[in-house]
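Here's entry_7.cif, which has mmCIF, N, CA and C atoms:
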```
data_model
loop_
_atom_site.label_atom_id
_atom_site.label_comp_id
_atom_site.auth_asym_id
_atom_site.auth_seq_id
_atom_site.Cartn_x
_atom_site.Cartn_y
_atom_site.Cartn_z
N MET A 1 108.10 110.69 -138.05
CA MET A 1 108.23 109.46 -137.32
C MET A 1 107.31 108.43 -137.95
N ARG A 2 107.43 107.22 -137.50
CA ARG A 2 106.56 106.15 -137.98
C ARG A 2 105.44 105.94 -136.97
N LEU A 3 104.22 105.78 -137.47
CA LEU A 3 103.06 105.53 -136.63
C LEU A 3 102.49 104.17 -137.00
N LYS A 4 102.39 103.29 -136.01
CA LYS A 4 101.80 101.97 -136.23
C LYS A 4 100.32 102.06 -135.89
N LEU A 5 99.46 101.76 -136.88
CA LEU A 5 98.01 101.81 -136.69
C LEU A 5 97.53 100.56 -135.98
N PRO A 6 96.32 100.60 -135.42
CA PRO A 6 95.79 99.42 -134.69
C PRO A 6 95.75 98.15 -135.53
N ASP A 7 95.58 98.28 -136.86
CA ASP A 7 95.52 97.09 -137.72
C ASP A 7 96.90 96.63 -138.21
N GLY A 8 97.98 97.27 -137.71
CA GLY A 8 99.33 96.85 -138.06
C GLY A 8 99.98 97.66 -139.18
N GLN A 9 99.21 98.47 -139.90
CA GLN A 9 99.81 99.29 -140.95
C GLN A 9 100.74 100.32 -140.32
N GLU A 10 101.72 100.76 -141.08
CA GLU A 10 102.62 101.81 -140.62
C GLU A 10 102.58 102.98 -141.58
N LEU A 11 102.56 104.19 -141.03
CA LEU A 11 102.53 105.42 -141.82
C LEU A 11 103.66 106.33 -141.37
N LEU A 12 104.15 107.15 -142.28
CA LEU A 12 105.07 108.22 -141.91
C LEU A 12 104.22 109.44 -141.55
N VAL A 13 104.47 110.01 -140.39
CA VAL A 13 103.71 111.15 -139.88
C VAL A 13 104.67 112.22 -139.37
N VAL A 14 104.14 113.38 -139.12
CA VAL A 14 104.92 114.49 -138.55
C VAL A 14 104.52 114.66 -137.09
N LEU A 15 105.50 114.68 -136.20
CA LEU A 15 105.24 114.90 -134.78
C LEU A 15 104.99 116.39 -134.56
N ARG A 16 103.79 116.74 -134.10
CA ARG A 16 103.41 118.14 -133.90
C ARG A 16 103.65 118.60 -132.47
N ARG A 17 103.31 117.78 -131.48
CA ARG A 17 103.51 118.11 -130.07
C ARG A 17 103.38 116.85 -129.24
N ARG A 18 103.75 116.94 -127.98
CA ARG A 18 103.65 115.79 -127.07
C ARG A 18 103.12 116.26 -125.74
N ARG A 19 102.53 115.31 -125.01
CA ARG A 19 102.04 115.65 -123.68
C ARG A 19 102.07 114.41 -122.80
N ARG A 20 102.18 114.65 -121.51
CA ARG A 20 102.16 113.58 -120.52
C ARG A 20 100.78 113.58 -119.88
N ALA A 21 100.12 112.42 -119.89
CA ALA A 21 98.80 112.28 -119.28
C ALA A 21 98.94 112.20 -117.76
N ASP A 22 97.82 112.34 -117.07
CA ASP A 22 97.82 112.29 -115.61
C ASP A 22 98.35 110.97 -115.07
N ASP A 23 98.20 109.89 -115.84
CA ASP A 23 98.68 108.58 -115.39
C ASP A 23 100.17 108.38 -115.67
N GLY A 24 100.84 109.40 -116.26
CA GLY A 24 102.27 109.32 -116.55
C GLY A 24 102.60 108.87 -117.96
N SER A 25 101.61 108.42 -118.72
CA SER A 25 101.88 107.96 -120.09
C SER A 25 102.07 109.16 -121.02
N TRP A 26 102.83 108.94 -122.09
CA TRP A 26 103.09 109.98 -123.07
C TRP A 26 102.22 109.77 -124.29
N TRP A 27 101.73 110.87 -124.86
CA TRP A 27 100.92 110.86 -126.07
C TRP A 27 101.51 111.88 -127.05
N TYR A 28 101.49 111.52 -128.33
CA TYR A 28 102.02 112.39 -129.38
C TYR A 28 100.89 112.83 -130.31
N LEU A 29 100.85 114.13 -130.60
CA LEU A 29 99.95 114.64 -131.63
C LEU A 29 100.70 114.54 -132.95
N VAL A 30 100.19 113.72 -133.85
CA VAL A 30 100.85 113.50 -135.13
C VAL A 30 99.95 113.98 -136.25
N GLY A 31 100.55 114.36 -137.34
CA GLY A 31 99.81 114.85 -138.51
C GLY A 31 100.23 114.11 -139.76
N LEU A 32 99.28 113.96 -140.66
CA LEU A 32 99.55 113.38 -141.96
C LEU A 32 98.56 113.96 -142.95
N SER A 33 98.83 113.77 -144.22
CA SER A 33 97.92 114.25 -145.26
C SER A 33 97.19 113.07 -145.87
N LEU A 34 95.87 113.19 -145.93
CA LEU A 34 95.02 112.22 -146.60
C LEU A 34 94.31 112.94 -147.74
N TRP A 35 93.57 112.19 -148.56
CA TRP A 35 92.82 112.81 -149.64
C TRP A 35 91.52 113.38 -149.13
N GLY A 36 91.15 114.52 -149.67
CA GLY A 36 89.88 115.14 -149.37
C GLY A 36 89.33 115.82 -150.60
N PRO A 37 88.01 115.95 -150.70
CA PRO A 37 87.43 116.59 -151.88
C PRO A 37 87.52 118.11 -151.80
N SER A 38 87.81 118.71 -152.94
CA SER A 38 87.83 120.16 -153.03
C SER A 38 87.01 120.55 -154.26
N GLN A 39 86.13 121.49 -154.08
CA GLN A 39 85.23 121.87 -155.17
C GLN A 39 85.86 122.95 -156.03
N ARG A 40 85.85 122.70 -157.34
CA ARG A 40 86.34 123.68 -158.31
C ARG A 40 85.26 124.73 -158.54
N PRO A 41 85.64 125.86 -159.14
CA PRO A 41 84.65 126.91 -159.44
C PRO A 41 83.49 126.41 -160.31
N ASP A 42 83.76 125.42 -161.16
CA ASP A 42 82.69 124.92 -162.03
C ASP A 42 81.78 123.90 -161.33
N GLY A 43 82.05 123.62 -160.04
CA GLY A 43 81.22 122.70 -159.28
C GLY A 43 81.73 121.28 -159.24
N SER A 44 82.71 120.94 -160.06
CA SER A 44 83.25 119.58 -160.04
C SER A 44 84.18 119.41 -158.85
N LEU A 45 84.41 118.17 -158.48
CA LEU A 45 85.28 117.87 -157.35
C LEU A 45 86.63 117.38 -157.83
N VAL A 46 87.65 117.73 -157.07
CA VAL A 46 89.00 117.26 -157.34
C VAL A 46 89.60 116.82 -156.01
N ALA A 47 90.41 115.77 -156.03
CA ALA A 47 91.05 115.28 -154.81
C ALA A 47 92.26 116.16 -154.49
N MET A 48 92.32 116.62 -153.23
CA MET A 48 93.42 117.46 -152.76
C MET A 48 93.91 116.91 -151.43
N PRO A 49 95.19 117.12 -151.12
CA PRO A 49 95.68 116.69 -149.79
C PRO A 49 94.95 117.46 -148.70
N GLU A 50 94.57 116.74 -147.65
CA GLU A 50 93.86 117.35 -146.53
C GLU A 50 94.57 116.94 -145.23
N PRO A 51 95.06 117.92 -144.46
CA PRO A 51 95.77 117.55 -143.22
C PRO A 51 94.84 116.94 -142.18
N VAL A 52 95.34 115.92 -141.52
CA VAL A 52 94.60 115.23 -140.47
C VAL A 52 95.54 115.08 -139.28
N GLU A 53 95.04 115.30 -138.07
CA GLU A 53 95.84 115.11 -136.86
C GLU A 53 95.13 114.16 -135.91
N CYS A 54 95.93 113.42 -135.13
CA CYS A 54 95.35 112.56 -134.09
C CYS A 54 96.39 112.38 -132.99
N TRP A 55 95.90 112.05 -131.79
CA TRP A 55 96.78 111.74 -130.66
C TRP A 55 97.04 110.25 -130.66
N ALA A 56 98.31 109.88 -130.53
CA ALA A 56 98.69 108.47 -130.53
C ALA A 56 99.53 108.17 -129.29
N PRO A 57 99.38 106.98 -128.72
CA PRO A 57 100.23 106.61 -127.57
C PRO A 57 101.68 106.47 -128.03
N VAL A 58 102.59 106.75 -127.13
CA VAL A 58 104.01 106.74 -127.47
C VAL A 58 104.46 105.38 -128.00
N ASP A 59 103.89 104.30 -127.50
CA ASP A 59 104.34 102.98 -127.95
C ASP A 59 103.88 102.65 -129.37
N ALA A 60 103.01 103.48 -129.97
CA ALA A 60 102.62 103.30 -131.37
C ALA A 60 103.50 104.13 -132.30
N CYS A 61 104.43 104.90 -131.73
CA CYS A 61 105.27 105.81 -132.52
C CYS A 61 106.73 105.39 -132.43
N GLU A 62 107.41 105.50 -133.54
CA GLU A 62 108.83 105.16 -133.58
C GLU A 62 109.60 106.31 -134.21
N PRO A 63 110.56 106.88 -133.49
CA PRO A 63 111.36 107.96 -134.08
C PRO A 63 112.15 107.48 -135.29
N ILE A 64 112.39 108.39 -136.20
CA ILE A 64 113.21 108.08 -137.37
C ILE A 64 114.65 108.46 -137.03
N PRO A 65 115.60 107.51 -137.16
CA PRO A 65 116.99 107.82 -136.83
C PRO A 65 117.49 109.04 -137.61
N GLY A 66 118.19 109.92 -136.90
CA GLY A 66 118.76 111.10 -137.51
C GLY A 66 117.85 112.33 -137.46
N GLU A 67 116.58 112.15 -137.13
CA GLU A 67 115.68 113.29 -137.01
C GLU A 67 115.83 113.92 -135.62
N ASP A 68 115.73 115.24 -135.54
CA ASP A 68 115.86 115.96 -134.28
C ASP A 68 114.48 116.33 -133.77
N TYR A 69 114.11 115.84 -132.60
CA TYR A 69 112.80 116.09 -132.02
C TYR A 69 112.87 117.06 -130.83
N ASP A 70 114.02 117.69 -130.61
CA ASP A 70 114.22 118.56 -129.45
C ASP A 70 113.30 119.79 -129.45
N GLN A 71 112.92 120.28 -130.62
CA GLN A 71 112.13 121.50 -130.69
C GLN A 71 110.63 121.25 -130.71
N VAL A 72 110.21 119.99 -130.58
CA VAL A 72 108.78 119.68 -130.57
C VAL A 72 108.18 120.21 -129.26
N PRO A 73 107.11 121.02 -129.34
CA PRO A 73 106.51 121.53 -128.10
C PRO A 73 106.02 120.41 -127.19
N THR A 74 106.24 120.58 -125.91
CA THR A 74 105.80 119.60 -124.91
C THR A 74 104.84 120.29 -123.97
N ASP A 75 103.58 119.85 -123.97
CA ASP A 75 102.56 120.45 -123.12
C ASP A 75 102.83 120.13 -121.65
N GLY A 76 102.66 121.13 -120.80
CA GLY A 76 102.73 120.91 -119.37
C GLY A 76 104.12 120.84 -118.78
N ILE A 77 105.14 120.92 -119.62
CA ILE A 77 106.52 120.86 -119.11
C ILE A 77 107.24 122.10 -119.60
N ARG A 78 107.71 122.88 -118.66
CA ARG A 78 108.47 124.07 -119.02
C ARG A 78 109.92 123.86 -118.66
N ARG A 79 110.76 124.17 -119.60
CA ARG A 79 112.19 124.07 -119.33
C ARG A 79 112.62 125.31 -118.55
N PRO A 80 113.44 125.12 -117.52
CA PRO A 80 113.89 126.30 -116.78
C PRO A 80 114.80 127.16 -117.64
N PRO A 81 114.79 128.46 -117.43
CA PRO A 81 115.69 129.32 -118.21
C PRO A 81 117.13 129.04 -117.81
N PRO A 82 118.07 129.34 -118.71
CA PRO A 82 119.48 129.19 -118.35
C PRO A 82 119.81 130.17 -117.22
N ARG A 83 120.87 129.88 -116.47
CA ARG A 83 121.24 130.79 -115.37
C ARG A 83 121.81 132.10 -115.89
N TRP A 84 122.53 132.03 -117.03
CA TRP A 84 123.21 133.21 -117.55
C TRP A 84 123.02 133.30 -119.05
N LEU A 85 123.06 134.54 -119.56
CA LEU A 85 122.98 134.80 -121.00
C LEU A 85 124.10 135.74 -121.39
N LEU A 86 124.61 135.55 -122.61
CA LEU A 86 125.56 136.48 -123.20
C LEU A 86 124.90 137.07 -124.44
N GLU A 87 124.87 138.40 -124.50
CA GLU A 87 124.26 139.10 -125.63
C GLU A 87 125.34 139.81 -126.42
N GLU A 88 125.41 139.54 -127.72
CA GLU A 88 126.34 140.23 -128.61
C GLU A 88 125.60 141.44 -129.17
N THR A 89 126.06 142.64 -128.81
CA THR A 89 125.36 143.85 -129.22
C THR A 89 125.97 144.50 -130.45
N GLY A 90 126.92 143.86 -131.06
CA GLY A 90 127.57 144.41 -132.24
C GLY A 90 129.05 144.56 -132.00
N GLY A 91 129.82 144.32 -133.02
CA GLY A 91 131.27 144.37 -132.87
C GLY A 91 131.72 143.28 -131.91
N ASP A 92 132.59 143.64 -130.97
CA ASP A 92 133.08 142.68 -129.98
C ASP A 92 132.42 142.88 -128.63
N GLN A 93 131.38 143.72 -128.55
CA GLN A 93 130.75 144.02 -127.27
C GLN A 93 129.82 142.90 -126.81
N LEU A 94 130.03 142.43 -125.58
CA LEU A 94 129.16 141.43 -124.95
C LEU A 94 128.52 142.03 -123.72
N VAL A 95 127.25 141.65 -123.50
CA VAL A 95 126.55 142.06 -122.29
C VAL A 95 126.16 140.78 -121.56
N VAL A 96 126.43 140.73 -120.26
CA VAL A 96 126.09 139.57 -119.44
C VAL A 96 124.73 139.83 -118.78
N HIS A 97 123.83 138.84 -118.87
CA HIS A 97 122.51 138.92 -118.26
C HIS A 97 122.27 137.71 -117.39
N ARG A 98 121.39 137.86 -116.41
CA ARG A 98 120.85 136.69 -115.72
C ARG A 98 119.95 135.96 -116.72
N GLY A 99 119.75 134.68 -116.52
CA GLY A 99 118.97 133.89 -117.46
C GLY A 99 117.52 134.30 -117.59
N ASP A 100 116.95 134.91 -116.57
CA ASP A 100 115.55 135.30 -116.62
C ASP A 100 115.35 136.77 -116.97
N CYS A 101 116.41 137.44 -117.40
CA CYS A 101 116.34 138.87 -117.73
C CYS A 101 115.53 139.07 -119.02
N ALA A 102 114.66 140.07 -119.01
CA ALA A 102 113.84 140.38 -120.19
C ALA A 102 114.46 141.48 -121.04
N ALA A 103 115.62 142.00 -120.66
CA ALA A 103 116.21 143.13 -121.36
C ALA A 103 116.80 142.80 -122.73
N PRO A 104 117.39 141.60 -122.95
CA PRO A 104 117.99 141.37 -124.27
C PRO A 104 116.95 141.50 -125.37
N GLY A 105 117.33 142.21 -126.43
CA GLY A 105 116.41 142.41 -127.55
C GLY A 105 116.55 141.31 -128.59
N ARG A 106 115.58 141.25 -129.48
CA ARG A 106 115.60 140.26 -130.55
C ARG A 106 116.58 140.63 -131.65
N GLU A 107 117.01 141.87 -131.68
CA GLU A 107 117.90 142.31 -132.75
C GLU A 107 119.35 141.85 -132.55
N HIS A 108 119.66 141.31 -131.38
CA HIS A 108 121.02 140.83 -131.10
C HIS A 108 121.03 139.33 -130.87
N GLU A 109 122.18 138.74 -131.07
CA GLU A 109 122.33 137.31 -130.78
C GLU A 109 122.49 137.13 -129.27
N VAL A 110 121.65 136.27 -128.70
CA VAL A 110 121.69 135.97 -127.27
C VAL A 110 121.86 134.47 -127.12
N ARG A 111 122.80 134.05 -126.28
CA ARG A 111 123.02 132.61 -126.10
C ARG A 111 123.18 132.29 -124.62
N PRO A 112 122.76 131.09 -124.21
CA PRO A 112 122.96 130.68 -122.82
C PRO A 112 124.45 130.49 -122.55
N ALA A 113 124.82 130.64 -121.29
CA ALA A 113 126.24 130.52 -120.92
C ALA A 113 126.37 129.91 -119.53
N THR A 114 127.50 129.26 -119.32
CA THR A 114 127.82 128.72 -118.00
C THR A 114 128.47 129.83 -117.17
N VAL A 115 128.58 129.61 -115.89
CA VAL A 115 129.21 130.61 -115.02
C VAL A 115 130.67 130.82 -115.42
N ASP A 116 131.36 129.76 -115.83
CA ASP A 116 132.76 129.91 -116.27
C ASP A 116 132.85 130.76 -117.54
N GLN A 117 131.91 130.56 -118.48
CA GLN A 117 131.90 131.36 -119.70
C GLN A 117 131.61 132.82 -119.40
N VAL A 118 130.72 133.06 -118.45
CA VAL A 118 130.38 134.43 -118.06
C VAL A 118 131.58 135.11 -117.40
N ARG A 119 132.25 134.41 -116.52
CA ARG A 119 133.43 134.99 -115.87
C ARG A 119 134.54 135.29 -116.88
N ALA A 120 134.75 134.37 -117.84
CA ALA A 120 135.75 134.60 -118.88
C ALA A 120 135.36 135.80 -119.74
N ALA A 121 134.07 135.92 -120.06
CA ALA A 121 133.61 137.07 -120.85
C ALA A 121 133.81 138.36 -120.07
N ALA A 122 133.53 138.34 -118.77
CA ALA A 122 133.71 139.54 -117.94
C ALA A 122 135.17 139.95 -117.89
N GLN A 123 136.07 138.97 -117.78
CA GLN A 123 137.50 139.29 -117.76
C GLN A 123 137.97 139.83 -119.10
N ALA A 124 137.25 139.45 -120.18
CA ALA A 124 137.61 139.93 -121.51
C ALA A 124 136.93 141.26 -121.86
N GLY A 125 136.18 141.83 -120.90
CA GLY A 125 135.60 143.14 -121.12
C GLY A 125 134.09 143.19 -121.28
N ALA A 126 133.39 142.07 -121.12
CA ALA A 126 131.93 142.10 -121.19
C ALA A 126 131.39 142.99 -120.08
N VAL A 127 130.26 143.62 -120.34
CA VAL A 127 129.67 144.52 -119.35
C VAL A 127 128.41 143.88 -118.77
N PRO A 128 128.12 144.15 -117.50
CA PRO A 128 126.89 143.60 -116.91
C PRO A 128 125.66 144.38 -117.37
N CYS A 129 124.55 143.69 -117.49
CA CYS A 129 123.27 144.33 -117.81
C CYS A 129 122.91 145.28 -116.67
N GLU A 130 122.44 146.45 -117.03
CA GLU A 130 122.06 147.42 -116.01
C GLU A 130 120.66 147.17 -115.45
N VAL A 131 119.92 146.25 -116.07
CA VAL A 131 118.58 145.92 -115.59
C VAL A 131 118.65 144.81 -114.55
N CYS A 132 119.28 143.69 -114.90
CA CYS A 132 119.26 142.53 -113.99
C CYS A 132 120.48 142.45 -113.09
N ARG A 133 121.51 143.23 -113.35
CA ARG A 133 122.72 143.33 -112.53
C ARG A 133 123.32 141.97 -112.16
N PRO A 134 123.78 141.20 -113.13
CA PRO A 134 124.35 139.89 -112.85
C PRO A 134 125.66 139.98 -112.07
N ASP A 135 126.34 141.13 -112.11
CA ASP A 135 127.60 141.29 -111.40
C ASP A 135 127.40 141.14 -109.89
N ARG A 136 126.23 141.47 -109.39
CA ARG A 136 125.95 141.32 -107.96
C ARG A 136 125.89 139.84 -107.58
N ALA A 137 125.32 139.01 -108.45
CA ALA A 137 125.22 137.58 -108.16
C ALA A 137 126.56 136.88 -108.36
N LEU A 138 127.35 137.36 -109.32
CA LEU A 138 128.64 136.71 -109.61
C LEU A 138 129.73 137.16 -108.66
N ARG A 139 129.62 138.35 -108.11
CA ARG A 139 130.63 138.94 -107.23
C ARG A 139 131.95 139.02 -107.96
#
```

Produce structure tokens that represent the structure in this file.
Amino acid sequence: MRLKLPDGQELLVVLRRRRRADDGSWWYLVGLSLWGPSQRPDGSLVAMPEPVECWAPVDACEPIPGEDYDQVPTDGIRRPPPRWLLEETGGDQLVVHRGDCAAPGREHEVRPATVDQVRAAAQAGAVPCEVCRPDRALR
């Protein structure tokens, strides 16, 4: 994104995370590389990129068109889990889970699903998870 400095200069920075202050304002943790000294084995100094981070108010930051900021961590805000999950366990086998079920493993593809997608999957032969028993909630 672009960061406007207090003196009017603009820099390209990387958005690391965001947070909402108690007063409701948004702040972005941004990072950039500046020069810093690095000592060589012989004792001489050489200039090397050195990462620097700072918190900036949202009105000093401008998103770059076409960049996706959806995966930037947001402090203090948790997204609710999806209501339903579909797990592909290999081949054409699907397992239906409640959204908060901890049973799906990392070795399989798991995706959020709507109630209509879950019902269609069940009619096509998907099986309910034996841990969270979504069939009881779906009836």

Subject >> Pairwise distance for atom CA of A:Val14 and atom C of A:Pro37, rounded to one decimal in Å >> reply: 22.2 Å

Subject >> Spatial neighbours of stretch 88-94 of chain A, max dist 6 Å, all atoms listed in the file, sep filter under 2 positions, as a VMD selection string >> reply: chain A and resid 86 96 108 to 110 125 to 127

**OP:** Check the smallest atom-to-atom distance from each of A:Tyr28, A:Ala102, A:Asp22, A:Cys132 to A:Cys54 using only N, CA and C atoms, then report the winner.
**Re:**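 Closest residue, counting only N, CA and C atoms: A:Tyr28.
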
Subject >> Proximity to A:Gln9 - best of A:Arg119, A:His97, A:Cys61, A:Pro73, only C-alpha atoms >> reply: A:Cys61

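What separates atom N of A:Arg83 from atom C of A:Tyr69 is a distance of 20.8 Å.
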
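Applying the 6.5 Å criterion to (89.0, 114.1, -150.2) in file coordinates and using all atoms listed in the file, one obtains the residues Leu34, Trp35, Gly36, Pro37, Ser38, Val46, Ala47 and Met48 of chain A.
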
Would you mind exporting N, CA and C atoms of the selected residues as a PDB file, keeping the file's coordinate frame?
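The file below, result31.pdb, is the result:
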```pdb
ATOM      1  N   LEU A  34      95.870 113.190-145.930  1.00  0.00           N
ATOM      2  CA  LEU A  34      95.020 112.220-146.600  1.00  0.00           C
ATOM      3  C   LEU A  34      94.310 112.940-147.740  1.00  0.00           C
ATOM      4  N   TRP A  35      93.570 112.190-148.560  1.00  0.00           N
ATOM      5  CA  TRP A  35      92.820 112.810-149.640  1.00  0.00           C
ATOM      6  C   TRP A  35      91.520 113.380-149.130  1.00  0.00           C
ATOM      7  N   GLY A  36      91.150 114.520-149.670  1.00  0.00           N
ATOM      8  CA  GLY A  36      89.880 115.140-149.370  1.00  0.00           C
ATOM      9  C   GLY A  36      89.330 115.820-150.600  1.00  0.00           C
ATOM     10  N   PRO A  37      88.010 115.950-150.700  1.00  0.00           N
ATOM     11  CA  PRO A  37      87.430 116.590-151.880  1.00  0.00           C
ATOM     12  C   PRO A  37      87.520 118.110-151.800  1.00  0.00           C
ATOM     13  N   SER A  38      87.810 118.710-152.940  1.00  0.00           N
ATOM     14  CA  SER A  38      87.830 120.160-153.030  1.00  0.00           C
ATOM     15  C   SER A  38      87.010 120.550-154.260  1.00  0.00           C
ATOM     16  N   VAL A  46      87.650 117.730-157.070  1.00  0.00           N
ATOM     17  CA  VAL A  46      89.000 117.260-157.340  1.00  0.00           C
ATOM     18  C   VAL A  46      89.600 116.820-156.010  1.00  0.00           C
ATOM     19  N   ALA A  47      90.410 115.770-156.030  1.00  0.00           N
ATOM     20  CA  ALA A  47      91.050 115.280-154.810  1.00  0.00           C
ATOM     21  C   ALA A  47      92.260 116.160-154.490  1.00  0.00           C
ATOM     22  N   MET A  48      92.320 116.620-153.230  1.00  0.00           N
ATOM     23  CA  MET A  48      93.420 117.460-152.760  1.00  0.00           C
ATOM     24  C   MET A  48      93.910 116.910-151.430  1.00  0.00           C
TER      25      MET A  48
END
```

Give me the box for stretch 117-122 of chain A as JSON, namely the centre and edge lengths in Å to one decimal of a box along x, y and z that holds every listed atom plus 5 Å on each side.
```
{"center_x": 133.1, "center_y": 135.3, "center_z": -118.4, "size_x": 15.4, "size_y": 19.4, "size_z": 15.0}
```

Subject >> Selection under test: the PyMOL selection byres ((chain A and resi 113-115) around 7); residues as an NGL selection string >> reply: :A and (82-86 or 111-112 or 116-120)

**OP:** For atom N of A:Gly31 and atom CA of A:Pro81, quote the distance in Å rounded to one decimal.
**Re:**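 About the pair atom N of A:Gly31 and atom CA of A:Pro81: they are 28.6 Å apart.
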
Original post:
A:Ala122, A:Gly99, A:Leu3, A:Pro57: which is nearest A:Ser25, counting only N, CA and C atoms?
Top reply: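 Checking each of A:Ala122, A:Gly99, A:Leu3, A:Pro57 against A:Ser25, counting only N, CA and C atoms, the winner is A:Pro57.
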
Do you know which residues are at most 12 Å from A:Gln71 counting only C-alpha atoms, after dropping those on the same chain fewer than 4 positions away, and could you put them as a short mmCIF file (atom, residue, chain, number, x, y, z; two decimals) with N, CA and C atoms, in the frame of the given file?
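Ended up saving to result_34.cif:
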```cif
data_model
loop_
_atom_site.label_atom_id
_atom_site.label_comp_id
_atom_site.auth_asym_id
_atom_site.auth_seq_id
_atom_site.Cartn_x
_atom_site.Cartn_y
_atom_site.Cartn_z
N LEU A 15 105.50 114.68 -136.20
CA LEU A 15 105.24 114.90 -134.78
C LEU A 15 104.99 116.39 -134.56
N ARG A 16 103.79 116.74 -134.10
CA ARG A 16 103.41 118.14 -133.90
C ARG A 16 103.65 118.60 -132.47
N ARG A 17 103.31 117.78 -131.48
CA ARG A 17 103.51 118.11 -130.07
C ARG A 17 103.38 116.85 -129.24
N ARG A 18 103.75 116.94 -127.98
CA ARG A 18 103.65 115.79 -127.07
C ARG A 18 103.12 116.26 -125.74
N GLU A 67 116.58 112.15 -137.13
CA GLU A 67 115.68 113.29 -137.01
C GLU A 67 115.83 113.92 -135.62
N ARG A 79 110.76 124.17 -119.60
CA ARG A 79 112.19 124.07 -119.33
C ARG A 79 112.62 125.31 -118.55
#
```

**OP:** Measuring atom to atom with all atoms listed in the file, identify which of A:Val95, A:Leu32, A:Cys101, A:Met1 is nearest to A:Pro49.
**Re:**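 Smallest separation from A:Pro49 among the options: A:Leu32.
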
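Minimum atom-to-atom distances from A:Ala56, A:Ala103, A:Val72, A:Ala121 to A:Trp27 were compared using only N, CA and C atoms, and the lowest value belongs to A:Ala56.
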
**OP:** Enumerate the residues of stretch 24-120 of chain A with a DSSP assignment of strand (DSSP E or B), computed from the backbone, and present them as an MDAnalysis selection string.
**Re:** chainID A and resid 26:39 45:57 61:62 74:75 84:90 93:98 109:113

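In the backbone-derived DSSP annotation, helix (DSSP H, G or I) within chain A comprises Val58, Asp59, Ala60, Val115, Asp116, Gln117, Val118, Arg119, Ala120, Ala121, Ala122, Gln123, Pro134, Asp135, Arg136, Ala137 and Leu138 of chain A.
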